[in-house]
$ cat coords-v1.txt   # compact mmCIF, C-alpha atoms
# COMPACT_ATOMS: atom_id res chain seq x y z
CA MET A 842 12.51 5.77 -17.86
CA ILE A 843 12.24 6.87 -14.22
CA GLN A 844 11.11 10.34 -13.23
CA GLU A 845 12.16 11.89 -9.91
CA MET A 846 10.62 15.08 -8.52
CA ASP A 847 12.02 17.13 -5.66
CA ASN A 848 11.65 20.81 -4.68
CA ASP A 849 9.74 21.80 -7.82
CA SER A 850 12.35 20.21 -10.11
CA THR A 851 12.62 16.81 -11.72
CA GLY A 852 15.24 14.43 -12.97
CA LEU A 853 15.13 11.60 -15.47
CA ILE A 854 16.82 8.22 -15.49
CA GLN A 855 16.80 7.31 -19.15
CA SER A 856 16.63 3.64 -20.22
CA ALA A 857 16.46 2.43 -16.63
CA HIS A 858 15.36 -1.03 -17.79
CA LYS A 859 15.05 -2.95 -21.04
CA ASP A 860 11.29 -3.21 -20.65
CA LEU A 861 8.37 -1.47 -18.94
CA VAL A 862 9.13 -0.31 -15.39
CA THR A 863 6.46 -1.71 -13.05
CA ASP A 864 7.42 -0.18 -9.70
CA ALA A 865 9.86 2.21 -8.02
CA SER A 866 10.46 2.62 -4.30
CA TYR A 867 12.65 5.11 -2.40
CA ASP A 868 14.57 4.15 0.71
CA PHE A 869 13.83 5.81 4.05
CA TYR A 870 16.26 8.67 3.42
CA GLY A 871 15.49 9.17 -0.25
CA LEU A 872 19.10 8.48 -1.25
CA ARG A 873 18.51 5.11 -2.86
CA LEU A 874 15.87 4.01 -5.32
CA ALA A 875 14.83 0.44 -6.14
CA THR A 876 13.18 -0.25 -9.50
CA CYS A 877 11.75 -3.38 -11.09
CA SER A 878 10.52 -4.21 -14.55
CA LEU A 879 8.97 -6.68 -16.94
CA ASP A 880 12.57 -7.68 -17.72
CA GLN A 881 12.55 -9.67 -14.43
CA ARG A 882 15.33 -7.55 -12.94
CA ILE A 883 15.73 -5.33 -9.88
CA LYS A 884 18.04 -2.33 -9.90
CA ILE A 885 19.28 -0.27 -6.97
CA TRP A 886 20.12 3.36 -7.77
CA ARG A 887 22.09 5.78 -5.57
CA LEU A 888 21.73 9.56 -5.62
CA ASP A 889 24.81 11.75 -5.91
CA GLU A 890 23.82 14.67 -3.70
CA ASN A 891 26.48 16.92 -5.25
CA ASN A 892 25.11 16.94 -8.80
CA GLY A 893 21.69 15.31 -8.38
CA THR A 894 22.39 12.37 -10.69
CA TRP A 895 21.49 8.73 -10.15
CA SER A 896 23.84 5.81 -10.80
CA VAL A 897 23.27 2.06 -10.67
CA GLU A 898 24.54 0.52 -7.45
CA ASP A 899 23.51 -3.01 -8.36
CA ASP A 900 21.44 -4.96 -10.87
CA TRP A 901 20.32 -8.59 -10.78
CA LYS A 902 17.76 -11.01 -12.20
CA ALA A 903 15.30 -11.48 -9.37
CA HIS A 904 12.45 -13.62 -10.70
CA ASP A 905 11.40 -15.94 -13.52
CA ALA A 906 8.61 -13.59 -14.60
CA ALA A 907 7.83 -9.88 -14.52
CA VAL A 908 8.51 -8.23 -11.15
CA SER A 909 5.40 -6.38 -10.01
CA LYS A 910 6.14 -4.70 -6.67
CA LEU A 911 8.97 -3.65 -4.35
CA SER A 912 8.96 -2.72 -0.67
CA TRP A 913 11.84 -1.78 1.64
CA ALA A 914 12.00 -2.86 5.29
CA HIS A 915 12.30 -0.32 8.08
CA PRO A 916 15.92 0.70 8.82
CA GLU A 917 15.94 -0.98 12.24
CA PHE A 918 15.93 -4.37 10.51
CA GLY A 919 18.90 -3.66 8.28
CA SER A 920 19.05 -3.33 4.50
CA ILE A 921 16.21 -5.56 3.31
CA ILE A 922 13.88 -5.35 0.33
CA ALA A 923 10.95 -7.58 -0.70
CA SER A 924 9.82 -8.22 -4.25
CA SER A 925 6.75 -9.88 -5.75
CA SER A 926 6.36 -11.32 -9.21
CA PHE A 927 3.98 -12.87 -11.69
CA ASP A 928 5.85 -16.13 -11.10
CA ARG A 929 3.68 -16.28 -7.95
CA THR A 930 6.51 -15.81 -5.49
CA VAL A 931 7.57 -13.18 -3.01
CA LYS A 932 11.31 -12.92 -2.32
CA VAL A 933 13.04 -11.06 0.48
CA TRP A 934 16.56 -9.82 -0.30
CA GLU A 935 19.13 -8.85 2.31
CA GLN A 936 22.15 -6.68 1.58
CA VAL A 937 25.32 -8.31 2.90
CA LEU A 938 28.94 -7.31 3.29
CA PRO A 939 31.61 -8.97 1.13
CA GLY A 940 32.25 -11.55 3.87
CA GLY A 941 28.58 -12.52 3.98
CA GLN A 942 27.80 -10.58 7.16
CA PRO A 943 24.36 -8.87 7.08
CA ILE A 944 24.36 -5.10 7.32
CA SER A 945 22.93 -3.96 10.65
CA ASN A 946 22.34 -0.61 12.24
CA GLY A 947 23.03 -1.96 15.71
CA SER A 948 19.39 -2.24 16.74
CA ASN A 949 18.65 -4.62 19.62
CA SER A 950 15.04 -5.06 18.56
CA ARG A 951 13.55 -8.40 19.55
CA TRP A 952 10.34 -7.99 17.58
CA ALA A 953 9.52 -10.68 15.07
CA GLU A 954 9.76 -9.38 11.54
CA ARG A 955 6.56 -9.84 9.56
CA ALA A 956 5.59 -9.42 5.94
CA ALA A 957 2.19 -9.35 4.28
CA THR A 958 1.15 -10.33 0.76
CA ILE A 959 -2.12 -10.25 -1.14
CA ALA A 960 -2.78 -12.09 -4.38
CA SER A 961 -5.45 -12.45 -7.03
CA ASP A 962 -6.97 -15.37 -5.09
CA ASN A 963 -8.09 -12.63 -2.61
CA PHE A 964 -6.12 -14.17 0.27
CA LEU A 965 -4.07 -11.99 2.60
CA ARG A 966 -1.07 -13.95 3.88
CA ILE A 967 1.13 -12.98 6.81
CA TYR A 968 4.65 -14.42 6.99
CA GLU A 969 6.77 -14.27 10.12
CA CYS A 970 10.52 -14.65 10.61
CA LEU A 971 11.43 -15.87 14.09
CA GLU A 972 15.09 -16.78 13.53
CA GLN A 973 16.60 -13.33 13.57
CA PRO A 974 19.12 -12.03 12.75
CA SER A 975 19.72 -14.75 10.15
CA LEU A 976 16.33 -14.24 8.42
CA THR A 977 16.71 -17.63 6.76
CA THR A 978 13.44 -19.27 7.82
CA TRP A 979 9.99 -17.80 7.37
CA HIS A 980 6.65 -19.44 7.98
CA LEU A 981 3.06 -18.68 7.09
CA SER A 982 1.38 -17.44 10.29
CA GLU A 983 -1.96 -16.22 8.92
CA GLU A 984 -4.00 -16.86 5.79
CA ILE A 985 -7.06 -14.64 5.52
CA ASP A 986 -9.89 -14.73 2.98
CA THR A 987 -10.48 -11.00 2.55
CA GLN A 988 -13.87 -11.59 0.96
CA ASN A 989 -15.30 -13.52 3.90
CA ILE A 990 -13.41 -12.25 6.95
CA PRO A 991 -15.75 -11.62 9.93
CA SER A 992 -16.30 -8.19 11.40
CA SER A 993 -15.26 -6.93 14.81
CA ALA A 994 -16.39 -3.91 16.77
CA SER A 995 -13.05 -2.75 18.08
CA PRO A 996 -9.33 -3.55 18.23
CA SER A 997 -7.83 -5.19 21.29
CA TYR A 998 -6.22 -2.57 23.48
CA LEU A 999 -3.72 -5.18 24.70
CA SER A 1000 -2.16 -5.66 21.27
CA ARG A 1001 1.08 -3.73 20.94
CA ALA A 1002 2.93 -5.94 18.46
CA HIS A 1003 5.37 -4.30 16.06
CA THR A 1004 4.94 -4.54 12.30
CA ILE A 1005 7.36 -4.07 9.47
CA VAL A 1006 6.05 -1.02 7.67
CA ALA A 1007 6.63 0.08 4.11
CA THR A 1008 9.38 2.56 4.98
CA PRO A 1009 12.77 1.67 3.57
CA THR A 1010 16.33 1.77 4.75
CA GLN A 1011 19.60 3.27 3.58
CA SER A 1012 23.13 1.95 3.68
CA ASN A 1013 26.54 2.97 2.36
CA ALA A 1014 27.78 -0.50 1.44
CA THR A 1015 27.69 -1.94 -2.07
CA LEU A 1016 25.13 -4.60 -2.92
CA ASP A 1017 26.58 -7.59 -4.73
CA GLY A 1018 23.74 -8.86 -6.86
CA ALA A 1019 25.37 -12.21 -7.63
CA SER A 1020 25.71 -13.05 -3.92
CA ALA A 1021 22.66 -11.23 -2.55
CA SER A 1022 21.14 -13.64 -0.04
CA LEU A 1023 17.62 -14.77 -0.71
CA VAL A 1024 16.32 -14.94 2.85
CA ALA A 1025 12.74 -15.92 2.16
CA GLN A 1026 10.44 -17.11 -0.56
CA ALA A 1027 6.71 -17.00 -0.07
CA LEU A 1028 4.60 -20.05 -0.68
CA GLN A 1029 3.16 -20.32 -4.15
CA GLN A 1030 -0.55 -19.91 -4.46
CA GLY A 1031 -1.88 -23.32 -3.53
CA LEU A 1032 -5.55 -22.56 -3.24
CA GLN A 1033 -7.61 -22.54 -6.36
CA GLN A 1034 -10.59 -20.21 -6.42
CA GLY A 1035 -13.69 -20.77 -8.47
CA PRO A 1036 -14.76 -18.34 -11.17
CA ILE A 1037 -15.77 -14.89 -9.98
CA PRO A 1038 -19.19 -13.64 -11.15
CA MET A 1039 -18.76 -11.16 -13.97
CA SER A 1040 -19.92 -7.60 -13.48
CA THR A 1041 -22.19 -5.77 -15.84
CA ARG A 1042 -19.60 -3.05 -16.41
CA PRO A 1043 -18.84 -2.77 -20.15
CA GLY A 1044 -15.44 -4.01 -21.21
CA LEU A 1045 -14.83 -6.12 -18.11
CA GLY A 1046 -11.96 -8.53 -18.73
CA ASN A 1047 -10.52 -11.26 -16.54
CA ARG A 1048 -10.16 -10.67 -12.83
CA GLU A 1049 -6.42 -9.98 -12.96
CA ALA A 1050 -6.80 -7.31 -15.65
CA ASP A 1051 -9.84 -5.61 -14.15
CA GLY A 1052 -9.29 -6.11 -10.43
CA GLY A 1053 -7.03 -4.51 -7.89
CA TRP A 1054 -5.01 -5.99 -5.02
CA CYS A 1055 -3.28 -3.70 -2.54
CA LEU A 1056 -2.40 -3.37 1.14
CA SER A 1057 -0.83 -0.95 3.59
CA TRP A 1058 0.17 -1.35 7.24
CA CYS A 1059 -0.96 1.04 9.96
CA LYS A 1060 2.14 3.08 10.83
CA ASP A 1061 1.19 3.70 14.48
CA ARG A 1062 2.32 0.91 16.82
CA TYR A 1063 -0.14 1.99 19.52
CA TRP A 1064 -3.04 0.35 17.69
CA GLY A 1065 -1.25 -2.94 17.15
CA GLU A 1066 -1.16 -4.74 13.82
CA ILE A 1067 -3.77 -3.38 11.42
CA ILE A 1068 -3.70 -3.70 7.64
CA ALA A 1069 -5.77 -1.85 5.05
CA ALA A 1070 -6.40 -4.31 2.23
CA GLY A 1071 -8.33 -4.26 -1.02
CA SER A 1072 -8.97 -7.15 -3.38
CA GLY A 1073 -10.86 -7.93 -6.56
CA VAL A 1074 -13.41 -5.60 -8.14
CA SER A 1075 -15.41 -4.83 -4.98
CA GLY A 1076 -14.14 -1.24 -4.77
CA ILE A 1077 -13.83 -1.38 -0.97
CA ILE A 1078 -10.96 -1.37 1.52
CA LYS A 1079 -11.10 -3.43 4.70
CA LEU A 1080 -9.19 -2.56 7.86
CA ILE A 1081 -8.10 -5.93 9.22
CA GLN A 1082 -6.79 -6.39 12.74
CA LEU A 1083 -4.28 -9.10 13.60
CA THR A 1084 -4.01 -10.13 17.25
CA PRO A 1085 -2.33 -13.18 18.85
CA SER A 1086 -5.34 -13.90 21.05
CA ARG A 1087 -8.08 -13.99 18.43
CA LYS A 1088 -8.75 -14.66 14.79
CA PRO A 1089 -8.25 -11.82 12.30
CA SER A 1090 -11.30 -9.61 11.97
CA THR A 1091 -12.50 -6.57 10.06
CA LEU A 1092 -12.54 -3.37 12.12
CA LEU A 1093 -14.03 -1.18 9.42
CA THR A 1094 -14.95 -1.26 5.73
CA LEU A 1095 -14.24 1.79 3.57
CA ASP A 1096 -16.88 1.80 0.86
CA PRO A 1097 -17.15 4.94 -1.32
CA SER A 1098 -20.27 3.73 -3.12
CA PRO A 1099 -23.51 5.54 -2.27
CA THR A 1100 -26.28 3.58 -0.63
CA PRO A 1101 -28.11 1.65 -3.37
CA PRO A 1102 -31.74 2.58 -3.99
CA PRO A 1103 -34.39 0.40 -2.35
CA THR A 1104 -35.45 -2.71 -4.24
CA SER A 1105 -39.01 -3.71 -4.99
CA SER A 1106 -39.04 -5.96 -1.93
CA ASP A 1107 -38.21 -3.05 0.36
CA ILE A 1108 -41.12 -0.78 -0.62
CA PRO A 1109 -44.89 -1.29 -0.74
CA PRO A 1110 -46.38 -2.34 -4.09
CA ASN A 1111 -47.24 0.55 -6.39
CA PRO A 1112 -49.50 -0.22 -9.35
CA ALA A 1113 -48.03 2.61 -11.40
CA ALA A 1114 -44.49 1.41 -10.80
CA MET A 1115 -45.42 -2.17 -11.69
CA GLN A 1116 -46.30 -1.03 -15.20
CA THR A 1117 -42.70 -0.05 -15.96
CA ASP A 1118 -39.93 -2.50 -16.76
CA THR A 1119 -37.09 -0.25 -15.61
CA GLU A 1120 -35.23 -1.20 -12.45
CA PRO A 1121 -33.19 1.13 -10.25
CA GLN A 1122 -29.57 1.27 -11.40
CA ILE A 1123 -27.11 0.22 -8.72
CA PRO A 1124 -23.71 1.93 -9.01
CA VAL A 1125 -21.07 -0.45 -10.34
CA PRO A 1126 -17.92 -0.50 -8.16
CA PHE A 1127 -14.47 -0.02 -9.61
CA ALA A 1128 -11.44 -1.83 -8.26
CA ILE A 1129 -9.09 -0.07 -5.83
CA THR A 1130 -5.57 -0.35 -7.23
CA SER A 1131 -3.58 1.36 -4.46
CA VAL A 1132 -3.97 2.18 -0.78
CA ALA A 1133 -1.62 4.13 1.49
CA TRP A 1134 -1.89 4.56 5.27
CA ALA A 1135 -0.43 7.90 6.31
CA PRO A 1136 2.04 8.28 9.20
CA SER A 1137 0.08 9.59 12.19
CA CYS A 1138 2.55 12.27 13.40
CA GLY A 1139 0.56 12.86 16.58
CA ARG A 1140 -2.88 13.11 15.01
CA SER A 1141 -5.84 11.71 16.94
CA TYR A 1142 -7.17 10.18 13.73
CA HIS A 1143 -5.79 8.28 10.74
CA LEU A 1144 -5.62 9.27 7.07
CA ILE A 1145 -5.92 6.58 4.42
CA ALA A 1146 -5.65 7.34 0.71
CA THR A 1147 -6.95 5.17 -2.12
CA GLY A 1148 -6.66 5.23 -5.89
CA GLY A 1149 -8.98 3.32 -8.18
CA ARG A 1150 -9.72 2.34 -11.74
CA ASP A 1151 -12.50 4.93 -11.77
CA GLY A 1152 -9.83 7.66 -11.78
CA HIS A 1153 -10.64 8.88 -8.27
CA VAL A 1154 -8.15 9.68 -5.51
CA ARG A 1155 -9.91 9.57 -2.16
CA ILE A 1156 -8.72 10.48 1.32
CA TRP A 1157 -10.45 8.89 4.30
CA LYS A 1158 -10.40 10.26 7.82
CA VAL A 1159 -10.58 7.28 10.17
CA ARG A 1160 -11.29 7.71 13.87
CA PRO A 1161 -10.48 4.79 16.17
CA GLY A 1162 -13.01 3.77 18.77
CA GLU A 1163 -11.99 4.57 22.33
CA TYR A 1164 -13.46 3.74 25.70
CA PRO A 1165 -14.70 6.75 27.68
CA ASP A 1166 -12.76 5.61 30.76
CA ASP A 1167 -10.61 2.74 31.98
CA ASP A 1168 -13.47 1.11 33.89
CA ALA A 1169 -15.37 0.49 30.67
CA GLN A 1170 -12.59 -1.78 29.40
CA ASP A 1171 -13.09 -4.10 32.38
CA ASP A 1172 -16.85 -4.26 31.97
CA ALA A 1173 -17.64 -7.43 30.05
CA GLU A 1174 -21.10 -6.17 29.15
CA ALA A 1175 -19.90 -2.83 27.81
CA GLU A 1176 -20.14 -2.49 24.04
CA GLU A 1177 -16.77 -2.10 22.38
CA PRO A 1178 -16.40 1.25 20.62
CA LYS A 1179 -16.55 1.21 16.84
CA TRP A 1180 -14.17 2.74 14.34
CA THR A 1181 -15.68 5.31 12.00
CA ALA A 1182 -14.58 6.86 8.72
CA THR A 1183 -15.58 9.70 6.41
CA ILE A 1184 -14.30 10.83 3.03
CA VAL A 1185 -12.59 14.22 3.42
CA ALA A 1186 -11.38 14.53 -0.19
CA ASP A 1187 -12.38 13.04 -3.54
CA PHE A 1188 -10.46 14.08 -6.67
CA ASP A 1189 -10.97 12.93 -10.25
CA GLN A 1190 -8.44 15.11 -12.06
CA HIS A 1191 -6.58 12.11 -13.47
CA LYS A 1192 -9.60 11.26 -15.66
CA SER A 1193 -8.17 7.73 -15.96
CA ALA A 1194 -7.17 4.83 -13.75
CA VAL A 1195 -4.95 5.69 -10.78
CA GLY A 1196 -2.00 3.34 -10.39
CA ARG A 1197 -0.35 4.54 -7.20
CA VAL A 1198 -0.90 6.77 -4.16
CA GLU A 1199 1.83 7.55 -1.61
CA TRP A 1200 2.23 9.85 1.42
CA ASN A 1201 5.25 11.88 2.38
CA ILE A 1202 7.06 10.99 5.60
CA THR A 1203 4.84 13.27 7.74
CA GLY A 1204 1.53 12.32 6.15
CA THR A 1205 0.81 15.90 5.08
CA VAL A 1206 1.26 15.64 1.29
CA LEU A 1207 -0.23 12.95 -0.93
CA SER A 1208 1.07 12.08 -4.38
CA SER A 1209 -0.77 10.08 -7.02
CA ALA A 1210 0.13 8.69 -10.44
CA GLY A 1211 -2.42 7.90 -13.12
CA ASN A 1212 -2.75 6.61 -16.64
CA ASP A 1213 -2.98 10.22 -17.79
CA GLY A 1214 0.81 10.31 -17.52
CA ARG A 1215 0.89 12.80 -14.65
CA ILE A 1216 1.98 12.77 -11.02
CA ARG A 1217 -0.29 14.96 -8.92
CA LEU A 1218 0.21 16.36 -5.43
CA TRP A 1219 -2.54 17.01 -2.87
CA LYS A 1220 -2.20 19.01 0.33
CA ALA A 1221 -4.50 20.21 3.10
CA THR A 1222 -4.98 23.93 3.61
CA SER A 1223 -5.09 25.66 6.99
CA GLY A 1224 -8.77 24.73 7.32
CA ASN A 1225 -8.02 21.03 6.66
CA VAL A 1226 -9.51 21.31 3.19
CA TRP A 1227 -7.61 19.17 0.71
CA ARG A 1228 -6.70 20.83 -2.58
CA PRO A 1229 -4.43 20.16 -5.58
CA ALA A 1230 -0.85 21.28 -4.92
CA GLY A 1231 0.62 20.80 -8.39
CA SER A 1232 1.32 18.18 -11.04
CA ILE A 1233 4.09 17.08 -13.36
CA GLY A 1234 4.15 15.22 -16.67
CA VAL A 1235 6.96 13.50 -18.52
CA GLU A 1236 6.57 15.81 -21.51
CA GLN A 1237 7.29 18.80 -19.26
CA VAL A 1238 10.51 17.27 -17.96
CA GLU A 1239 11.81 16.70 -21.47
CA ALA A 1240 11.02 20.25 -22.56
CA VAL A 1241 12.13 22.35 -19.58
CA PRO A 1242 15.81 23.33 -19.36
CA PRO A 1243 17.77 22.16 -16.29
CA GLY A 1244 17.37 24.33 -13.21
CA LYS A 1245 13.96 25.67 -14.22
CA SER A 1246 10.75 24.94 -12.35
CA ASP A 1247 8.65 22.45 -14.27
CA VAL A 1248 5.84 21.76 -11.81
CA ASP A 1249 2.45 23.01 -12.93
CA MET A 1250 0.89 24.48 -9.79
CA ASP A 1251 -2.46 25.10 -11.49
CA ALA A 1252 -3.07 21.61 -12.89

$ encode --input "coords-v1.txt" --output "structure tokens"
Amino acid sequence: MIQEMDNDSTGLIQSAHKDLVTDASYDFYGLRLATCSLDQRIKIWRLDENNGTWSVEDDWKAHDAAVSKLSWAHPEFGSIIASSSFDRTVKVWEQVLPGGQPISNGSNSRWAERAATIASDNFLRIYECLEQPSLTTWHLSEEIDTQNIPSSASPSYLSRAHTIVATPTQSNATLDGASASLVAQALQQGLQQGPIPMSTRPGLGNREADGGWCLSWCKDRYWGEIIAAGSGVSGIIKLIQLTPSRKPSTLLTLDPSPTPPPTSSDIPPNPAAMQTDTEPQIPVPFAITSVAWAPSCGRSYHLIATGGRDGHVRIWKVRPGEYPDDDAQDDAEAEEPKWTATIVADFDQHKSAVGRVEWNITGTVLSSAGNDGRIRLWKATSGNVWRPAGSIGVEQVEAVPPGKSDVDMDA
């Protein structure tokens, strides 16, 4: 079952798949919806704007295991969608016309199309397609160990490369699932990682069940290629910069954990303290399951939202480092400015693990979905104070008559 919410009203797509739905992604215009499921299939739905109903535009078996994630390409690249699966592959699908001609919006873009993946081996992989417009050959351009990537003080101000962001496209042609061209397939995980030390958190299972792997591109081209990525059970997000002239590096680490208390080696010996066997309790991190980089829309700072297994939805305000003047950029001895970040909102209303966070197209409203069965909205007030803006649950949709408002503005 798929739930769609718009203008304080909702709609349901009953029996969308034969098994649990794992992901849903709107196109850029909100007129098409891609869904995937444990049934290994992808479905494309189209909205009838006259009556508000959704109908299946196409349906095909996409993988040999459960499909976990979907992401549309930006409209300038045509009608393209990427899917990932538990069969350890990423596939990129291109919508084509009946004669096999790819659908194009007439863009003359010469940028190389790039895609990023992150897996439970904690490696961030960047794939690049250089043979456009055919999109038939992709190669692995970067492979980054997110746990051990070095830090950097500042991004290169010469990097202006374009990235393919997670904003989808829309087209009026029909997708033929049987002949949909598979234009790329990511390399299977070839690196084997040793066992990860187990945490002391009660009920900790294997790393796939307890961890979180997520990423989001920076939407502003001015800053070059920057990815926010989280992996494992560390509970942190790293902002990773990709530049042609240097190795990938970490610009900033978003860590919501408070500073741990000093250990016995950091403080002078105290005879009274030595008589006790209790040790300071260090907060145990919870995995980040979703991260979303907001569109900038002219802001001088960035907003990054995260959702975690601790039930918290957090909004970070990230300020890029800038040189005070142009002369400082030419001074080899000048220290590069550092990026900084602060938490401007921290909500725990879900009271359970958060599975997804997403921004609207202007980066002014944040939505989150949790294991409590509710979708919650968050919006900044006039004083830039973030507050709840409403929530919706499946049980409300089933009970409220059509045409009535079913969004709880007080939840």

$ residues_around --input "coords-v1.txt" --residues "stretch 967-976 of chain A" --least-positions-apart "2" --cutoff "7 Å" --atoms "all atoms listed in the file" --output "ChimeraX atom specification"
/A:953-958,965,978-984,1024

$ closest_residue --input "coords-v1.txt" --among "A:Pro1085, A:Asp1151, A:Gly1204, A:Ser1090" --to "A:Ala1135" --atoms "only C-alpha atoms"
A:Gly1204

$ atom_distance --input "coords-v1.txt" --atom1 "atom CA of A:Lys1060" --atom2 "atom CA of A:Gly1152"
26.0 Å

$ residues_around --input "coords-v1.txt" --residues "A:Ser925" --least-positions-apart "3" --cutoff "7 Å" --atoms "only C-alpha atoms" --output "PyMOL selection string"
chain A and resi 908-911+930-932

$ atom_distance --input "coords-v1.txt" --atom1 "atom CA of A:Leu1144" --atom2 "atom CA of A:Phe918"
25.7 Å

$ residues_around --input "coords-v1.txt" --residues "A:Asp889" --least-positions-apart "4" --cutoff "10 Å" --atoms "all atoms listed in the file" --output "PDB file with C-alpha atoms, in the coordinates of the input"
ATOM      1  CA  LEU A 872      19.100   8.480  -1.250  1.00  0.00           C
ATOM      2  CA  ARG A 873      18.510   5.110  -2.860  1.00  0.00           C
ATOM      3  CA  GLY A 893      21.690  15.310  -8.380  1.00  0.00           C
ATOM      4  CA  THR A 894      22.390  12.370 -10.690  1.00  0.00           C
ATOM      5  CA  TRP A 895      21.490   8.730 -10.150  1.00  0.00           C
ATOM      6  CA  SER A 896      23.840   5.810 -10.800  1.00  0.00           C
TER       7      SER A 896
END

$ decode --input "coords-v1.txt" --residues "stretch 962-976 of chain A" --atoms "N, CA and C atoms" --output "mmCIF file, in the first residue's frame"
data_model
loop_
_atom_site.group_PDB
_atom_site.id
_atom_site.type_symbol
_atom_site.label_atom_id
_atom_site.label_comp_id
_atom_site.auth_asym_id
_atom_site.auth_seq_id
_atom_site.Cartn_x
_atom_site.Cartn_y
_atom_site.Cartn_z
ATOM 1 N N ASP A 962 29.696 -2.693 3.147
ATOM 2 C CA ASP A 962 31.145 -2.789 3.370
ATOM 3 C C ASP A 962 31.749 -1.433 3.709
ATOM 4 N N ASN A 963 30.867 -0.388 3.811
ATOM 5 C CA ASN A 963 31.253 0.980 4.185
ATOM 6 C C ASN A 963 32.071 1.688 3.109
ATOM 7 N N PHE A 964 31.989 1.224 1.871
ATOM 8 C CA PHE A 964 32.696 1.875 0.774
ATOM 9 C C PHE A 964 31.705 2.705 -0.046
ATOM 10 N N LEU A 965 32.098 3.953 -0.297
ATOM 11 C CA LEU A 965 31.369 4.843 -1.186
ATOM 12 C C LEU A 965 31.989 4.739 -2.567
ATOM 13 N N ARG A 966 31.177 4.374 -3.559
ATOM 14 C CA ARG A 966 31.689 4.180 -4.914
ATOM 15 C C ARG A 966 31.028 5.170 -5.856
ATOM 16 N N ILE A 967 31.854 5.785 -6.694
ATOM 17 C CA ILE A 967 31.386 6.757 -7.674
ATOM 18 C C ILE A 967 31.574 6.162 -9.061
ATOM 19 N N TYR A 968 30.476 6.103 -9.813
ATOM 20 C CA TYR A 968 30.508 5.579 -11.175
ATOM 21 C C TYR A 968 30.270 6.727 -12.150
ATOM 22 N N GLU A 969 30.972 6.682 -13.276
ATOM 23 C CA GLU A 969 30.888 7.771 -14.238
ATOM 24 C C GLU A 969 30.610 7.211 -15.627
ATOM 25 N N CYS A 970 29.691 7.872 -16.326
ATOM 26 C CA CYS A 970 29.358 7.498 -17.703
ATOM 27 C C CYS A 970 29.899 8.568 -18.638
ATOM 28 N N LEU A 971 30.832 8.198 -19.487
ATOM 29 C CA LEU A 971 31.477 9.148 -20.387
ATOM 30 C C LEU A 971 30.984 9.027 -21.821
ATOM 31 N N GLU A 972 30.225 7.991 -22.135
ATOM 32 C CA GLU A 972 29.791 7.767 -23.508
ATOM 33 C C GLU A 972 28.343 8.195 -23.688
ATOM 34 N N GLN A 973 28.064 9.436 -23.366
ATOM 35 C CA GLN A 973 26.725 9.944 -23.582
ATOM 36 C C GLN A 973 26.537 10.280 -25.064
ATOM 37 N N PRO A 974 25.315 10.210 -25.608
ATOM 38 C CA PRO A 974 24.075 9.964 -24.873
ATOM 39 C C PRO A 974 23.683 8.500 -24.757
ATOM 40 N N SER A 975 24.574 7.571 -25.181
ATOM 41 C CA SER A 975 24.176 6.171 -25.203
ATOM 42 C C SER A 975 24.013 5.587 -23.802
ATOM 43 N N LEU A 976 24.829 6.056 -22.841
ATOM 44 C CA LEU A 976 24.774 5.578 -21.456
ATOM 45 C C LEU A 976 24.953 4.072 -21.353
#
